[in-house]
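Here's entry-v4.cif, which has mmCIF, C-alpha atoms:
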data_data
loop_
_atom_site.group_PDB
_atom_site.id
_atom_site.type_symbol
_atom_site.label_atom_id
_atom_site.label_comp_id
_atom_site.auth_asym_id
_atom_site.auth_seq_id
_atom_site.Cartn_x
_atom_site.Cartn_y
_atom_site.Cartn_z
ATOM 1 C CA MET X 19 3.932 -62.778 -31.896
ATOM 2 C CA SER X 20 4.308 -60.253 -29.085
ATOM 3 C CA LEU X 21 3.179 -56.759 -28.214
ATOM 4 C CA ARG X 22 5.363 -53.665 -28.092
ATOM 5 C CA ILE X 23 4.609 -52.406 -24.573
ATOM 6 C CA ILE X 24 5.389 -49.214 -22.691
ATOM 7 C CA PHE X 25 5.244 -50.074 -18.973
ATOM 8 C CA MET X 26 4.376 -47.364 -16.450
ATOM 9 C CA GLY X 27 4.728 -48.033 -12.712
ATOM 10 C CA THR X 28 6.620 -46.985 -9.600
ATOM 11 C CA PRO X 29 6.378 -49.055 -6.358
ATOM 12 C CA GLU X 30 7.199 -52.659 -5.511
ATOM 13 C CA PHE X 31 3.555 -53.538 -6.257
ATOM 14 C CA SER X 32 4.195 -52.920 -9.973
ATOM 15 C CA VAL X 33 7.399 -54.939 -10.342
ATOM 16 C CA PRO X 34 5.963 -58.481 -10.805
ATOM 17 C CA THR X 35 3.719 -57.244 -13.625
ATOM 18 C CA LEU X 36 6.728 -55.794 -15.463
ATOM 19 C CA GLN X 37 8.712 -58.986 -14.937
ATOM 20 C CA ASN X 38 5.867 -61.292 -15.979
ATOM 21 C CA LEU X 39 5.161 -59.343 -19.167
ATOM 22 C CA LYS X 40 8.828 -59.595 -20.092
ATOM 23 C CA GLN X 41 8.890 -63.327 -19.306
ATOM 24 C CA ALA X 42 5.763 -63.817 -21.429
ATOM 25 C CA GLY X 43 7.750 -62.704 -24.460
ATOM 26 C CA HIS X 44 6.465 -59.182 -24.942
ATOM 27 C CA GLU X 45 8.845 -56.443 -26.034
ATOM 28 C CA ILE X 46 9.030 -53.797 -23.313
ATOM 29 C CA VAL X 47 10.237 -50.852 -25.370
ATOM 30 C CA ALA X 48 10.379 -48.377 -22.462
ATOM 31 C CA VAL X 49 9.554 -48.054 -18.780
ATOM 32 C CA TYR X 50 8.168 -44.885 -17.206
ATOM 33 C CA SER X 51 8.493 -44.369 -13.452
ATOM 34 C CA GLN X 52 8.373 -41.553 -10.909
ATOM 35 C CA PRO X 53 11.662 -39.632 -10.618
ATOM 36 C CA PRO X 54 14.217 -40.672 -7.963
ATOM 37 C CA ARG X 55 13.303 -39.279 -4.545
ATOM 38 C CA PRO X 56 15.416 -38.350 -1.506
ATOM 39 C CA GLY X 57 16.067 -41.437 0.622
ATOM 40 C CA GLY X 58 18.840 -43.435 2.197
ATOM 41 C CA ARG X 59 19.748 -43.463 5.861
ATOM 42 C CA ARG X 60 19.873 -39.672 6.182
ATOM 43 C CA GLY X 61 17.494 -38.832 3.358
ATOM 44 C CA LEU X 62 20.223 -37.171 1.336
ATOM 45 C CA ASP X 63 20.590 -39.707 -1.481
ATOM 46 C CA LEU X 64 18.348 -39.835 -4.542
ATOM 47 C CA VAL X 65 16.781 -43.306 -4.622
ATOM 48 C CA LYS X 66 15.376 -44.870 -7.782
ATOM 49 C CA SER X 67 11.916 -46.439 -7.538
ATOM 50 C CA PRO X 68 11.569 -50.258 -7.342
ATOM 51 C CA VAL X 69 10.265 -50.306 -10.929
ATOM 52 C CA HIS X 70 13.174 -48.154 -12.100
ATOM 53 C CA GLN X 71 15.659 -50.553 -10.508
ATOM 54 C CA ALA X 72 13.892 -53.648 -11.886
ATOM 55 C CA ALA X 73 13.823 -52.195 -15.403
ATOM 56 C CA GLU X 74 17.542 -51.468 -15.326
ATOM 57 C CA LEU X 75 18.240 -55.071 -14.334
ATOM 58 C CA LEU X 76 16.200 -56.141 -17.363
ATOM 59 C CA GLY X 77 18.120 -53.760 -19.626
ATOM 60 C CA ILE X 78 15.058 -51.631 -20.445
ATOM 61 C CA PRO X 79 15.404 -47.841 -20.903
ATOM 62 C CA VAL X 80 13.729 -45.837 -18.106
ATOM 63 C CA LEU X 81 12.179 -42.375 -18.386
ATOM 64 C CA THR X 82 11.171 -40.297 -15.342
ATOM 65 C CA PRO X 83 9.319 -37.133 -16.447
ATOM 66 C CA LEU X 84 7.683 -35.068 -13.717
ATOM 67 C CA ASN X 85 4.561 -34.922 -15.872
ATOM 68 C CA PHE X 86 3.559 -34.926 -19.533
ATOM 69 C CA LYS X 87 2.841 -31.227 -19.961
ATOM 70 C CA SER X 88 5.645 -30.617 -22.449
ATOM 71 C CA GLU X 89 5.192 -31.533 -26.086
ATOM 72 C CA GLU X 90 8.701 -32.990 -26.036
ATOM 73 C CA ASP X 91 7.723 -35.589 -23.416
ATOM 74 C CA ARG X 92 4.557 -36.437 -25.325
ATOM 75 C CA GLU X 93 6.430 -36.829 -28.588
ATOM 76 C CA THR X 94 9.016 -39.055 -26.909
ATOM 77 C CA PHE X 95 6.199 -41.293 -25.679
ATOM 78 C CA ARG X 96 4.686 -41.524 -29.178
ATOM 79 C CA SER X 97 8.086 -42.142 -30.761
ATOM 80 C CA PHE X 98 8.312 -45.610 -29.204
ATOM 81 C CA GLN X 99 5.482 -46.658 -31.546
ATOM 82 C CA ALA X 100 4.139 -49.022 -28.906
ATOM 83 C CA ASP X 101 1.097 -51.208 -29.365
ATOM 84 C CA VAL X 102 -0.118 -50.583 -25.825
ATOM 85 C CA ALA X 103 0.790 -48.957 -22.514
ATOM 86 C CA VAL X 104 0.419 -50.992 -19.310
ATOM 87 C CA VAL X 105 -0.010 -48.910 -16.154
ATOM 88 C CA VAL X 106 0.246 -50.244 -12.587
ATOM 89 C CA ALA X 107 0.470 -47.742 -9.701
ATOM 90 C CA TYR X 108 2.383 -45.178 -11.761
ATOM 91 C CA GLY X 109 1.342 -42.209 -9.636
ATOM 92 C CA LEU X 110 0.310 -39.692 -12.294
ATOM 93 C CA LEU X 111 -2.986 -38.896 -13.981
ATOM 94 C CA LEU X 112 -2.291 -39.368 -17.675
ATOM 95 C CA PRO X 113 -3.399 -36.709 -20.191
ATOM 96 C CA GLU X 114 -5.362 -37.533 -23.325
ATOM 97 C CA ALA X 115 -2.186 -37.320 -25.436
ATOM 98 C CA ILE X 116 -0.698 -40.274 -23.528
ATOM 99 C CA LEU X 117 -3.940 -42.273 -23.286
ATOM 100 C CA THR X 118 -4.142 -42.185 -27.078
ATOM 101 C CA GLY X 119 -0.400 -42.319 -27.719
ATOM 102 C CA THR X 120 -0.248 -46.036 -28.529
ATOM 103 C CA ARG X 121 -2.018 -48.131 -31.152
ATOM 104 C CA LEU X 122 -4.316 -49.935 -28.667
ATOM 105 C CA GLY X 123 -4.476 -47.444 -25.804
ATOM 106 C CA CYS X 124 -3.592 -47.800 -22.112
ATOM 107 C CA TYR X 125 -4.572 -50.612 -19.724
ATOM 108 C CA ASN X 126 -4.396 -50.254 -15.961
ATOM 109 C CA GLY X 127 -4.101 -52.882 -13.229
ATOM 110 C CA HIS X 128 -6.179 -51.596 -10.297
ATOM 111 C CA ALA X 129 -6.417 -53.225 -6.857
ATOM 112 C CA SER X 130 -10.163 -53.192 -6.207
ATOM 113 C CA LEU X 131 -13.487 -54.410 -7.538
ATOM 114 C CA LEU X 132 -14.439 -51.303 -9.450
ATOM 115 C CA PRO X 133 -16.378 -49.081 -9.169
ATOM 116 C CA ARG X 134 -15.793 -49.649 -5.448
ATOM 117 C CA TRP X 135 -12.588 -47.995 -4.240
ATOM 118 C CA ARG X 136 -11.464 -45.900 -7.146
ATOM 119 C CA GLY X 137 -8.384 -43.863 -6.320
ATOM 120 C CA ALA X 138 -5.135 -43.939 -4.393
ATOM 121 C CA ALA X 139 -5.535 -46.355 -1.453
ATOM 122 C CA PRO X 140 -7.931 -49.174 -2.423
ATOM 123 C CA ILE X 141 -6.158 -51.913 -0.447
ATOM 124 C CA GLN X 142 -6.182 -50.030 2.847
ATOM 125 C CA ARG X 143 -9.716 -48.693 2.406
ATOM 126 C CA ALA X 144 -11.166 -52.119 1.631
ATOM 127 C CA ILE X 145 -9.804 -53.568 4.878
ATOM 128 C CA MET X 146 -10.668 -50.515 6.962
ATOM 129 C CA ALA X 147 -14.256 -50.778 5.716
ATOM 130 C CA GLY X 148 -14.422 -54.457 6.682
ATOM 131 C CA ASP X 149 -14.885 -55.709 3.097
ATOM 132 C CA ALA X 150 -14.941 -59.496 2.778
ATOM 133 C CA LYS X 151 -13.449 -59.496 -0.713
ATOM 134 C CA THR X 152 -11.590 -57.348 -3.182
ATOM 135 C CA GLY X 153 -9.616 -58.111 -6.319
ATOM 136 C CA MET X 154 -7.548 -56.983 -9.259
ATOM 137 C CA MET X 155 -9.123 -55.482 -12.338
ATOM 138 C CA VAL X 156 -7.584 -54.755 -15.708
ATOM 139 C CA MET X 157 -9.358 -51.799 -17.257
ATOM 140 C CA GLN X 158 -8.945 -49.675 -20.339
ATOM 141 C CA MET X 159 -7.994 -46.199 -19.213
ATOM 142 C CA GLU X 160 -9.867 -43.012 -20.017
ATOM 143 C CA LYS X 161 -9.663 -39.440 -18.713
ATOM 144 C CA GLY X 162 -11.694 -40.059 -15.537
ATOM 145 C CA LEU X 163 -10.150 -41.446 -12.326
ATOM 146 C CA ASP X 164 -10.422 -45.261 -12.638
ATOM 147 C CA THR X 165 -13.634 -44.953 -14.647
ATOM 148 C CA GLY X 166 -12.737 -46.950 -17.757
ATOM 149 C CA PRO X 167 -14.387 -50.168 -18.972
ATOM 150 C CA VAL X 168 -13.229 -53.384 -17.308
ATOM 151 C CA ALA X 169 -11.507 -56.083 -19.327
ATOM 152 C CA LEU X 170 -10.682 -58.733 -16.714
ATOM 153 C CA THR X 171 -11.450 -59.372 -13.027
ATOM 154 C CA ARG X 172 -9.809 -61.614 -10.426
ATOM 155 C CA GLU X 173 -11.471 -61.694 -6.992
ATOM 156 C CA VAL X 174 -9.538 -62.209 -3.747
ATOM 157 C CA GLU X 175 -11.037 -62.956 -0.329
ATOM 158 C CA ILE X 176 -9.991 -60.799 2.609
ATOM 159 C CA GLY X 177 -9.485 -62.909 5.739
ATOM 160 C CA GLU X 178 -10.640 -61.511 9.084
ATOM 161 C CA ALA X 179 -7.047 -61.111 10.291
ATOM 162 C CA MET X 180 -5.451 -60.144 6.967
ATOM 163 C CA THR X 181 -3.409 -56.944 7.056
ATOM 164 C CA ALA X 182 -2.953 -54.424 4.278
ATOM 165 C CA GLY X 183 0.602 -55.678 3.820
ATOM 166 C CA GLU X 184 -0.544 -59.261 3.348
ATOM 167 C CA LEU X 185 -3.312 -58.259 0.950
ATOM 168 C CA HIS X 186 -0.873 -56.059 -0.967
ATOM 169 C CA ASP X 187 1.412 -59.042 -1.601
ATOM 170 C CA ARG X 188 -1.476 -61.293 -2.629
ATOM 171 C CA LEU X 189 -2.901 -58.742 -5.072
ATOM 172 C CA MET X 190 0.544 -57.888 -6.414
ATOM 173 C CA LEU X 191 0.993 -61.430 -7.748
ATOM 174 C CA THR X 192 -2.661 -61.834 -8.765
ATOM 175 C CA GLY X 193 -2.458 -58.614 -10.745
ATOM 176 C CA ALA X 194 0.711 -59.661 -12.543
ATOM 177 C CA ARG X 195 -0.897 -62.889 -13.762
ATOM 178 C CA ALA X 196 -4.102 -61.077 -14.725
ATOM 179 C CA MET X 197 -2.268 -58.494 -16.830
ATOM 180 C CA VAL X 198 -0.347 -61.161 -18.740
ATOM 181 C CA GLU X 199 -3.643 -62.916 -19.507
ATOM 182 C CA ALA X 200 -5.262 -59.641 -20.561
ATOM 183 C CA MET X 201 -2.406 -58.780 -22.920
ATOM 184 C CA GLU X 202 -2.602 -62.258 -24.457
ATOM 185 C CA LYS X 203 -6.307 -61.707 -25.129
ATOM 186 C CA LEU X 204 -5.663 -58.198 -26.437
ATOM 187 C CA GLU X 205 -3.033 -59.478 -28.870
ATOM 188 C CA ALA X 206 -5.502 -62.095 -30.106
ATOM 189 C CA GLY X 207 -8.242 -59.476 -30.541
ATOM 190 C CA ASP X 208 -10.349 -61.203 -27.898
ATOM 191 C CA LEU X 209 -10.374 -58.829 -24.906
ATOM 192 C CA PRO X 210 -13.980 -57.879 -24.075
ATOM 193 C CA LEU X 211 -14.677 -54.536 -22.383
ATOM 194 C CA THR X 212 -17.564 -54.020 -19.953
ATOM 195 C CA PRO X 213 -18.562 -50.505 -18.814
ATOM 196 C CA GLN X 214 -18.451 -49.962 -15.059
ATOM 197 C CA SER X 215 -21.710 -49.730 -13.151
ATOM 198 C CA ALA X 216 -22.879 -46.285 -12.137
ATOM 199 C CA ASP X 217 -23.927 -47.752 -8.765
ATOM 200 C CA GLY X 218 -21.637 -48.503 -5.841
ATOM 201 C CA VAL X 219 -18.978 -45.909 -6.617
ATOM 202 C CA LEU X 220 -16.616 -45.270 -3.678
ATOM 203 C CA TYR X 221 -13.353 -43.334 -3.624
ATOM 204 C CA ALA X 222 -10.276 -44.604 -1.813
ATOM 205 C CA SER X 223 -8.651 -41.350 -0.780
ATOM 206 C CA LYS X 224 -4.995 -41.297 0.180
ATOM 207 C CA ILE X 225 -4.340 -42.188 3.820
ATOM 208 C CA ASP X 226 -3.903 -39.023 5.873
ATOM 209 C CA LYS X 227 -1.669 -38.998 8.953
ATOM 210 C CA GLY X 228 -4.506 -37.424 10.893
ATOM 211 C CA GLU X 229 -6.597 -40.608 10.637
ATOM 212 C CA THR X 230 -3.947 -43.053 11.847
ATOM 213 C CA ARG X 231 -4.561 -42.569 15.588
ATOM 214 C CA ILE X 232 -6.730 -45.347 17.043
ATOM 215 C CA ASP X 233 -10.148 -44.227 18.260
ATOM 216 C CA PHE X 234 -11.084 -46.722 20.959
ATOM 217 C CA SER X 235 -14.550 -45.162 21.258
ATOM 218 C CA ARG X 236 -15.496 -47.019 18.064
ATOM 219 C CA PRO X 237 -16.777 -50.622 18.124
ATOM 220 C CA ALA X 238 -14.055 -53.251 18.564
ATOM 221 C CA ARG X 239 -14.588 -54.635 15.064
ATOM 222 C CA ASP X 240 -14.009 -51.193 13.537
ATOM 223 C CA VAL X 241 -10.884 -50.676 15.651
ATOM 224 C CA HIS X 242 -9.528 -54.057 14.550
ATOM 225 C CA ASN X 243 -10.205 -53.232 10.872
ATOM 226 C CA HIS X 244 -8.531 -49.846 11.306
ATOM 227 C CA ILE X 245 -5.409 -51.461 12.764
ATOM 228 C CA ARG X 246 -5.004 -54.135 10.096
ATOM 229 C CA GLY X 247 -5.894 -51.731 7.291
ATOM 230 C CA LEU X 248 -2.924 -49.532 8.237
ATOM 231 C CA SER X 249 -0.465 -52.361 8.940
ATOM 232 C CA PRO X 250 2.448 -52.284 8.412
ATOM 233 C CA PHE X 251 2.469 -48.765 6.978
ATOM 234 C CA PRO X 252 1.811 -46.080 8.037
ATOM 235 C CA GLY X 253 0.592 -47.925 11.134
ATOM 236 C CA ALA X 254 -2.265 -47.234 13.540
ATOM 237 C CA TRP X 255 -1.156 -45.960 16.936
ATOM 238 C CA PHE X 256 -2.176 -44.935 20.435
ATOM 239 C CA GLU X 257 -0.517 -43.142 23.336
ATOM 240 C CA ALA X 258 0.161 -44.587 26.775
ATOM 241 C CA GLU X 259 1.901 -43.060 29.777
ATOM 242 C CA ILE X 260 5.212 -44.900 30.172
ATOM 243 C CA ASN X 261 7.591 -43.893 32.976
ATOM 244 C CA GLY X 262 5.641 -40.718 33.576
ATOM 245 C CA LYS X 263 5.477 -39.429 30.012
ATOM 246 C CA PRO X 264 3.197 -40.098 27.019
ATOM 247 C CA GLU X 265 4.659 -42.455 24.430
ATOM 248 C CA ARG X 266 3.354 -43.271 20.979
ATOM 249 C CA ILE X 267 2.931 -46.998 20.262
ATOM 250 C CA LYS X 268 2.172 -48.439 16.834
ATOM 251 C CA VAL X 269 -0.121 -51.492 16.606
ATOM 252 C CA LEU X 270 0.531 -53.947 13.779
ATOM 253 C CA SER X 271 -1.996 -56.695 14.517
ATOM 254 C CA SER X 272 -4.983 -57.419 16.746
ATOM 255 C CA PHE X 273 -8.146 -59.442 17.111
ATOM 256 C CA VAL X 274 -11.609 -58.763 18.491
ATOM 257 C CA GLY X 275 -11.472 -59.864 22.114
ATOM 258 C CA SER X 276 -13.999 -60.096 24.928
ATOM 259 C CA GLY X 277 -14.819 -57.844 27.835
ATOM 260 C CA GLN X 278 -16.079 -54.338 28.378
ATOM 261 C CA GLY X 279 -15.213 -51.237 30.328
ATOM 262 C CA ASP X 280 -14.585 -47.533 30.036
ATOM 263 C CA VAL X 281 -13.217 -46.627 26.606
ATOM 264 C CA GLY X 282 -9.438 -47.047 26.441
ATOM 265 C CA THR X 283 -9.149 -49.024 29.669
ATOM 266 C CA VAL X 284 -6.669 -51.892 29.713
ATOM 267 C CA LEU X 285 -8.802 -54.838 30.840
ATOM 268 C CA ASP X 286 -6.085 -57.420 31.589
ATOM 269 C CA ASP X 287 -2.350 -58.024 31.456
ATOM 270 C CA HIS X 288 -2.521 -59.239 27.831
ATOM 271 C CA LEU X 289 -3.295 -55.869 26.169
ATOM 272 C CA THR X 290 -7.057 -56.233 25.843
ATOM 273 C CA ILE X 291 -8.428 -52.697 25.469
ATOM 274 C CA ALA X 292 -12.044 -51.662 26.068
ATOM 275 C CA CYS X 293 -13.726 -50.048 23.055
ATOM 276 C CA GLY X 294 -16.995 -48.190 22.583
ATOM 277 C CA GLU X 295 -18.518 -51.611 21.999
ATOM 278 C CA GLY X 296 -16.619 -54.728 23.097
ATOM 279 C CA ALA X 297 -12.842 -54.947 23.302
ATOM 280 C CA VAL X 298 -9.835 -55.446 21.068
ATOM 281 C CA CYS X 299 -6.731 -57.467 21.902
ATOM 282 C CA LEU X 300 -3.456 -56.021 20.611
ATOM 283 C CA THR X 301 -1.051 -58.755 19.507
ATOM 284 C CA ARG X 302 1.909 -57.064 17.808
ATOM 285 C CA LEU X 303 3.280 -53.633 18.664
ATOM 286 C CA GLN X 304 6.195 -51.311 18.003
ATOM 287 C CA LYS X 305 7.597 -48.374 19.946
ATOM 288 C CA ALA X 306 9.166 -45.435 18.139
ATOM 289 C CA GLY X 307 12.635 -46.462 17.026
ATOM 290 C CA GLY X 308 12.079 -50.039 18.198
ATOM 291 C CA LYS X 309 11.476 -53.372 16.535
ATOM 292 C CA PRO X 310 8.020 -54.913 16.030
ATOM 293 C CA LEU X 311 7.327 -57.297 18.922
ATOM 294 C CA ASP X 312 4.648 -59.809 19.804
ATOM 295 C CA ALA X 313 2.559 -58.614 22.752
ATOM 296 C CA ALA X 314 4.201 -60.907 25.315
ATOM 297 C CA ASP X 315 7.697 -59.721 24.386
ATOM 298 C CA PHE X 316 6.538 -56.110 24.198
ATOM 299 C CA LEU X 317 5.101 -56.263 27.725
ATOM 300 C CA ARG X 318 8.376 -57.558 29.157
ATOM 301 C CA GLY X 319 9.948 -54.197 28.428
ATOM 302 C CA THR X 320 6.929 -51.902 28.657
ATOM 303 C CA ALA X 321 4.611 -51.748 31.652
ATOM 304 C CA ILE X 322 1.048 -51.532 30.383
ATOM 305 C CA THR X 323 -1.108 -53.208 33.008
ATOM 306 C CA ALA X 324 -4.752 -53.775 33.827
ATOM 307 C CA GLY X 325 -6.554 -50.603 34.868
ATOM 308 C CA MET X 326 -4.390 -48.215 32.875
ATOM 309 C CA ARG X 327 -5.963 -45.923 30.278
ATOM 310 C CA VAL X 328 -4.666 -45.459 26.759
ATOM 311 C CA ALA X 329 -5.859 -43.111 24.045
#
Show me this structure written as structure tokens.
Amino acid sequence: MSLRIIFMGTPEFSVPTLQNLKQAGHEIVAVYSQPPRPGGRRGLDLVKSPVHQAAELLGIPVLTPLNFKSEEDRETFRSFQADVAVVVAYGLLLPEAILTGTRLGCYNGHASLLPRWRGAAPIQRAIMAGDAKTGMMVMQMEKGLDTGPVALTREVEIGEAMTAGELHDRLMLTGARAMVEAMEKLEAGDLPLTPQSADGVLYASKIDKGETRIDFSRPARDVHNHIRGLSPFPGAWFEAEINGKPERIKVLSSFVGSGQGDVGTVLDDHLTIACGEGAVCLTRLQKAGGKPLDAADFLRGTAITAGMRVA
């Protein structure tokens, strides 16, 4: 026995779930993904999403509607006569016609411990807030934003030095295994649903470019969490005067160091920066157009010395 599944996803994060469902023996009757976007070296080519590319390799038909406002798109969805839709980071809010367009509804793999961090950027927000754990949840979808009842939970610890990129990869694989288990239980008629608590609701809003600049006036722990929560993308950054002109420098990793001083002061020759409370040591950096470098290698080509101020 197997389920007839419509899979809906777009980024790399979604790909292992698609692959694992296929390997588990389910029939993936169609894949929905965001339309190809401008990309390539000069941004002139239309680039298919990672899910789109993975589905083509698996020989699965791919559909890329801008939305589901037209009755034609809705009827196409229903015409697959799927048992269930599996959604992982698709990138669209689904209308009622799609949520009810399969025999068993839609199930979403979401990267947080709901109701904490509903929304677009749960991985980054969990780290930036200093959370000690997060997880993957499989939930039955309804019209609200990540409000549906939870079917399955897998917790993941967040290490003190873990970056958003590292947590992304861990949750990506955890979520793929969880969804396969959930679909097995659903097929057997043994997938319990638990309503989300009304307490502890937090929204993980999309990361805005305006919040990526490092604010060294905050406590060192908060600065460290900010850096790792935005690493590797879009990247937290500061400005330093290099060769007489301000230069933007991205920070990819750090740790809470020791020392104190005026906010933004470089305290030693190892990139320890004074914060509003304590200090943070920057350990991996990248200049615009350059490669990521460990601090020692970075300092060989960039003079940031004790006593300088950065902001």
Item to complete: Mind checking which residues fall within 8 Å of Ala306 of chain X, counting all atoms listed in the file, ignoring those fewer than 5 positions away in the same chain, and posting them as a ChimeraX atom specification?
Response: /X:266-268
Practice prompt. For segment 116-132 of chain X, please output as a ChimeraX atom specification all residues within 8 Å (counting only C-alpha atoms; exclusion window: fewer than 4 positions along the same chain).
Written response: /X:86,92,95-96,99-107,112,136,140-141,144,152-161,164,171,173,189,193,197,214,219
Output file for the residues above (C-alpha atoms, as a compact mmCIF listing (two decimals), in the frame of the given file):
# COMPACT_ATOMS: atom_id res chain seq x y z
CA PHE X 86 3.56 -34.93 -19.53
CA ARG X 92 4.56 -36.44 -25.32
CA PHE X 95 6.20 -41.29 -25.68
CA ARG X 96 4.69 -41.52 -29.18
CA GLN X 99 5.48 -46.66 -31.55
CA ALA X 100 4.14 -49.02 -28.91
CA ASP X 101 1.10 -51.21 -29.36
CA VAL X 102 -0.12 -50.58 -25.82
CA ALA X 103 0.79 -48.96 -22.51
CA VAL X 104 0.42 -50.99 -19.31
CA VAL X 105 -0.01 -48.91 -16.15
CA VAL X 106 0.25 -50.24 -12.59
CA ALA X 107 0.47 -47.74 -9.70
CA LEU X 112 -2.29 -39.37 -17.68
CA ARG X 136 -11.46 -45.90 -7.15
CA PRO X 140 -7.93 -49.17 -2.42
CA ILE X 141 -6.16 -51.91 -0.45
CA ALA X 144 -11.17 -52.12 1.63
CA THR X 152 -11.59 -57.35 -3.18
CA GLY X 153 -9.62 -58.11 -6.32
CA MET X 154 -7.55 -56.98 -9.26
CA MET X 155 -9.12 -55.48 -12.34
CA VAL X 156 -7.58 -54.76 -15.71
CA MET X 157 -9.36 -51.80 -17.26
CA GLN X 158 -8.94 -49.68 -20.34
CA MET X 159 -7.99 -46.20 -19.21
CA GLU X 160 -9.87 -43.01 -20.02
CA LYS X 161 -9.66 -39.44 -18.71
CA ASP X 164 -10.42 -45.26 -12.64
CA THR X 171 -11.45 -59.37 -13.03
CA GLU X 173 -11.47 -61.69 -6.99
CA LEU X 189 -2.90 -58.74 -5.07
CA GLY X 193 -2.46 -58.61 -10.74
CA MET X 197 -2.27 -58.49 -16.83
CA GLN X 214 -18.45 -49.96 -15.06
CA VAL X 219 -18.98 -45.91 -6.62
Item to complete: Write out as a count of residues only each polymer residue whose atoms come within 10 Å of segment 68-81 of chain X, counting all atoms listed in the file; drop sequence neighbours fewer than 2 positions from it.
Response: 32
Report the closest atom pair, with its distance in Å rounded to one decimal, for each residue of segment 267-291 of chain X that has an atom no farther than 12 Å from segment 240-245 of chain X; count only C-alpha atoms, sort by chain and then rising residue number, and write it as JSON lines.
{"residue": "X:Lys268", "atom": "CA", "partner": "X:Ile245", "partner_atom": "CA", "distance": 9.1}
{"residue": "X:Val269", "atom": "CA", "partner": "X:Ile245", "partner_atom": "CA", "distance": 6.5}
{"residue": "X:Leu270", "atom": "CA", "partner": "X:Ile245", "partner_atom": "CA", "distance": 6.5}
{"residue": "X:Ser271", "atom": "CA", "partner": "X:Ile245", "partner_atom": "CA", "distance": 6.5}
{"residue": "X:Ser272", "atom": "CA", "partner": "X:His242", "partner_atom": "CA", "distance": 6.1}
{"residue": "X:Phe273", "atom": "CA", "partner": "X:His242", "partner_atom": "CA", "distance": 6.1}
{"residue": "X:Val274", "atom": "CA", "partner": "X:His242", "partner_atom": "CA", "distance": 6.5}
{"residue": "X:Gly275", "atom": "CA", "partner": "X:His242", "partner_atom": "CA", "distance": 9.7}
{"residue": "X:Val281", "atom": "CA", "partner": "X:Val241", "partner_atom": "CA", "distance": 11.9}
{"residue": "X:Gly282", "atom": "CA", "partner": "X:Val241", "partner_atom": "CA", "distance": 11.5}
{"residue": "X:Thr290", "atom": "CA", "partner": "X:His242", "partner_atom": "CA", "distance": 11.8}
{"residue": "X:Ile291", "atom": "CA", "partner": "X:Val241", "partner_atom": "CA", "distance": 10.3}
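If you look at atom CA of Leu110 of chain X and atom CA of Tyr221 of chain X, they are 16.6 Å away from each other.
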Discussion item. Could you check the closest approach to Ile145 of chain X for each of X:Gly109, X:Leu311, X:Pro167, X:Ala222 and tell me which residue wins, using only C-alpha atoms?
Written reply: X:Ala222
Worksheet entry | Shell around Asp280 of chain X at 10 Å using all atoms listed in the file, local window under 2 positions removed, as a PyMOL selection string | chain X and resi 234-235+278+282-285+291-295+325+327
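Atom CA of Ser249 of chain X is found 12.6 Å from atom CA of Asp187 of chain X.
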Worksheet item: Which of these, X:Pro310, X:Pro133, X:Gly57, X:Gly183, has the shortest distance to Leu220 of chain X once you count all atoms listed in the file?
Response: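 Checking each candidate against Leu220 of chain X, we get X:Pro133 as the closest.
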Worksheet item: How would you write, as a VMD selection string, the residues chosen by the PyMOL selection byres ((chain X and resi 256) around 9) on this structure?
Response: chain X and resid 230 to 233 254 to 255 257 to 258 265 to 269 328 to 329
Write out, as a PDB file, keeping the file's coordinate frame, the residues just selected, with C-alpha atoms.
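Okay, this is what ended up in result-v3.pdb:
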ATOM      1  CA  THR X 230      -3.947 -43.053  11.847  1.00  0.00           C
ATOM      2  CA  ARG X 231      -4.561 -42.569  15.588  1.00  0.00           C
ATOM      3  CA  ILE X 232      -6.730 -45.347  17.043  1.00  0.00           C
ATOM      4  CA  ASP X 233     -10.148 -44.227  18.260  1.00  0.00           C
ATOM      5  CA  ALA X 254      -2.265 -47.234  13.540  1.00  0.00           C
ATOM      6  CA  TRP X 255      -1.156 -45.960  16.936  1.00  0.00           C
ATOM      7  CA  GLU X 257      -0.517 -43.142  23.336  1.00  0.00           C
ATOM      8  CA  ALA X 258       0.161 -44.587  26.775  1.00  0.00           C
ATOM      9  CA  GLU X 265       4.659 -42.455  24.430  1.00  0.00           C
ATOM     10  CA  ARG X 266       3.354 -43.271  20.979  1.00  0.00           C
ATOM     11  CA  ILE X 267       2.931 -46.998  20.262  1.00  0.00           C
ATOM     12  CA  LYS X 268       2.172 -48.439  16.834  1.00  0.00           C
ATOM     13  CA  VAL X 269      -0.121 -51.492  16.606  1.00  0.00           C
ATOM     14  CA  VAL X 328      -4.666 -45.459  26.759  1.00  0.00           C
ATOM     15  CA  ALA X 329      -5.859 -43.111  24.045  1.00  0.00           C
TER      16      ALA X 329
END
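If all atoms listed in the file are the atoms counted, then among X:Ala150, X:Arg195, X:Phe98, X:Glu184 the closest residue to Asn38 of chain X is X:Arg195.
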What are the centre and edge lengths in Å, to one decimal, of the axis-aligned box around all listed atoms of segment 38-52 of chain X with 6 Å added on each side, as AutoDock Vina command-line options?
--center_x 7.8 --center_y -52.7 --center_z -18.5 --size_x 17.2 --size_y 34.3 --size_z 27.1
Worksheet item: Do you have the atom CA of Asp226 of chain X-atom CA of Leu317 of chain X distance handy?
Response: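 Answer for the atom CA of Asp226 of chain X to atom CA of Leu317 of chain X separation: 29.3 Å.
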Worksheet item: Quick one: of X:Ala138, X:Ala42, X:Phe251, X:Arg239, who's nearest to Glu178 of chain X, counting all atoms listed in the file?
Response: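 Among the listed residues, the smallest separation from Glu178 of chain X belongs to X:Arg239.
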